[in-house]
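Inspection log for the structure reproduced underneath, given as structure tokens.
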Amino acid sequence: MIEYKELKQIGFIDPAVFRRLPLNGEVQDGKIQIGDMSFEFTGDRYKDGTAVEVAVARQFYCVSLEDKQREETERQQAAEARRAAEAIAQKQREEANQIFNNGLNVPARWQPDIKLNLSTMNDRGLANGGKRNSVHHIFLLEDLNTGKLNRTTGDSLCTQGVENAHWKYVLYKNVTDEERAKQLRWGAVNCRACLKIAERFK
Ligand SMILES: [Zn+2]
């Protein structure tokens, strides 16, 4: 836990001090002298020789540079641990997606994909297209004709003629098998209409 110690300025208070701080100094004789500014502790103090940063919020205060550095290191370590945990969670989600998608019995090459409404799409639309609450459809990479059901490349199982001026899929449809294997991890199909049609092929 980082410890802040209150200070007060001694002598003339130049209003510019608010712009000049924070500055580094050192405790000497119980005081901190930085250029023409002097500060003393109002209560608990650091011992002489402690390197500190003097700053001002509602009042002047200082913190030992050692404490500050330690806190920064701890913060970085915690952030690193969070990133590692998120990477593991993401990998687990992707594996679960892949298992689910591989269990679907669609008699044509397909990939999971989401529909983007071009009229509401912004710059972030594509970047976060894979967000978890998106509806993932079964998007056909080749024609599928089973008598009752006729779909062409670019359709989803649930909708014919999806790709038009207003709608677009996120993933590229001319994919290699290797790319397609990756895309099966992208998102588990959760479009109810697509899943209902896929049920027929079991
Ligand atoms: Zn669908």
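Every chain in the structure tokens has a letter given in the order shown (A, B, ...), and although residue numbers restart at 1 in each chain, ligands are simply numbered from 1 in the order shown.
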Taking only C-alpha atoms and all ligand atoms into account, list the residues no farther than 12 Å from ligand 1, as number ranges by chain. A: 111-115, 134-140, 155-160, 162, 169, 188-198
Same residues, C-alpha atoms, saved as a PDB file, in the first residue's frame:
```pdb
ATOM      1  CA  GLN A 111     -18.191 -21.221 -41.424  1.00  0.00           C
ATOM      2  CA  PRO A 112     -19.754 -19.395 -38.513  1.00  0.00           C
ATOM      3  CA  ASP A 113     -20.169 -15.717 -39.198  1.00  0.00           C
ATOM      4  CA  ILE A 114     -22.121 -12.696 -38.125  1.00  0.00           C
ATOM      5  CA  LYS A 115     -24.119 -10.286 -40.264  1.00  0.00           C
ATOM      6  CA  SER A 134     -23.138 -11.424 -31.609  1.00  0.00           C
ATOM      7  CA  VAL A 135     -25.446 -13.837 -33.416  1.00  0.00           C
ATOM      8  CA  HIS A 136     -23.366 -16.356 -35.312  1.00  0.00           C
ATOM      9  CA  HIS A 137     -25.003 -17.930 -38.351  1.00  0.00           C
ATOM     10  CA  ILE A 138     -24.099 -20.892 -40.502  1.00  0.00           C
ATOM     11  CA  PHE A 139     -22.648 -19.178 -43.542  1.00  0.00           C
ATOM     12  CA  LEU A 140     -22.292 -21.390 -46.623  1.00  0.00           C
ATOM     13  CA  ASP A 155     -26.205 -17.447 -47.980  1.00  0.00           C
ATOM     14  CA  SER A 156     -26.736 -18.325 -44.380  1.00  0.00           C
ATOM     15  CA  LEU A 157     -28.845 -21.402 -43.653  1.00  0.00           C
ATOM     16  CA  CYS A 158     -31.543 -19.130 -42.213  1.00  0.00           C
ATOM     17  CA  THR A 159     -31.636 -16.571 -45.049  1.00  0.00           C
ATOM     18  CA  GLN A 160     -31.223 -16.555 -48.785  1.00  0.00           C
ATOM     19  CA  VAL A 162     -28.002 -12.330 -47.343  1.00  0.00           C
ATOM     20  CA  TYR A 169     -20.498 -11.010 -43.543  1.00  0.00           C
ATOM     21  CA  ALA A 188     -20.324 -21.008 -31.710  1.00  0.00           C
ATOM     22  CA  VAL A 189     -23.366 -20.893 -33.974  1.00  0.00           C
ATOM     23  CA  ASN A 190     -26.222 -19.443 -31.924  1.00  0.00           C
ATOM     24  CA  CYS A 191     -28.718 -18.381 -34.588  1.00  0.00           C
ATOM     25  CA  ARG A 192     -31.800 -20.404 -33.648  1.00  0.00           C
ATOM     26  CA  ALA A 193     -33.098 -20.520 -37.219  1.00  0.00           C
ATOM     27  CA  CYS A 194     -29.770 -21.788 -38.576  1.00  0.00           C
ATOM     28  CA  LEU A 195     -29.517 -24.401 -35.818  1.00  0.00           C
ATOM     29  CA  LYS A 196     -33.088 -25.563 -36.435  1.00  0.00           C
ATOM     30  CA  ILE A 197     -32.347 -26.148 -40.119  1.00  0.00           C
ATOM     31  CA  ALA A 198     -29.042 -27.866 -39.279  1.00  0.00           C
TER      32      ALA A 198
END
```
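The set of residues in segment 48-153 of chain A assigned to strand (DSSP E) by DSSP, using only backbone atoms of this structure, is Ala51, Val52, Glu53, Val54, Ala55, Val56, Phe60, Tyr61, Cys62, Val63, Ser64, Trp110, Gln111, Pro112, Asp113, Lys115, Leu116, Asn117, His137, Ile138, Phe139, Leu140, Leu144, Asn145, Asn150 and Arg151 of chain A.
Taking atom CA of Leu141 of chain A and atom CA of Asn174 of chain A as the two end points, the separation is 7.4 Å.
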Neighbouring residues of Cys62 of chain A were defined as those with any atom within 7 Å, considering only C-alpha atoms; residues of the same chain fewer than 3 positions away were excluded. Please report them as a PyMOL selection string. chain A and resi 4-7+52-55
Quick one: residues within 9 Å of segment 70-84 of chain A, only C-alpha atoms, excluding same-chain residues fewer than 5 positions away - as a list in words? Met1, Ile2, Leu65 and Ala89 of chain A
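Residues in contact with Phe39 of chain A at up to 9 Å, not including ones fewer than 6 positions away on its chain and judged by only C-alpha atoms, are Leu7, Lys8, Gln9, Ile10, Gly11, Lys31, Ile32, Gln33, Val54 and Phe60 of chain A.
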Selection near Ala96 of chain A, 9 Å with only C-alpha atoms, sequence-local residues under 5 positions removed, as a short mmCIF file (atom, residue, chain, number, x, y, z; two decimals) with C-alpha atoms, in the first residue's frame:
```cif
data_model
loop_
_atom_site.label_atom_id
_atom_site.label_comp_id
_atom_site.auth_asym_id
_atom_site.auth_seq_id
_atom_site.Cartn_x
_atom_site.Cartn_y
_atom_site.Cartn_z
CA LYS A 91 -8.53 -20.15 -25.70
CA ASN A 101 -19.40 -26.17 -34.44
CA ARG A 185 -13.24 -21.41 -33.30
CA ALA A 188 -20.32 -21.01 -31.71
#
```
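Our summary of the geometry notes that atom CA of Thr146 of chain A is positioned 17.2 Å from atom CA of Gly161 of chain A.
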Might you pull out every residue within 7 Å of Ile34 of chain A, with only C-alpha atoms counted and same-chain residues fewer than 3 positions away left off, and present them as a PDB file with N, CA and C atoms, in the first residue's frame?
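File around01.pdb, as written:
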```pdb
ATOM      1  N   GLY A  25      12.426  15.388  -5.006  1.00  0.00           N
ATOM      2  CA  GLY A  25      13.320  16.015  -4.039  1.00  0.00           C
ATOM      3  C   GLY A  25      13.791  14.988  -3.035  1.00  0.00           C
ATOM      4  N   MET A  37      11.499  26.387  -3.380  1.00  0.00           N
ATOM      5  CA  MET A  37      10.327  25.963  -2.610  1.00  0.00           C
ATOM      6  C   MET A  37      10.751  25.064  -1.452  1.00  0.00           C
ATOM      7  N   SER A  38      10.179  25.326  -0.294  1.00  0.00           N
ATOM      8  CA  SER A  38      10.461  24.488   0.878  1.00  0.00           C
ATOM      9  C   SER A  38       9.152  23.901   1.403  1.00  0.00           C
TER      10      SER A  38
END
```
Please report, as a ChimeraX atom specification, each residue of chain A to which DSSP assigns alpha helix (DSSP H) when run on this structure's backbone. /A:17-20,65-102,123-127,177-183,192-199
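Distance check against Ile13 of chain A using only C-alpha atoms: of A:Glu94, A:Glu66, A:Asp36, A:Glu179, the minimum falls on A:Asp36.
Going from atom CA of Gly49 of chain A to atom CA of Ala16 of chain A covers 26.6 Å.
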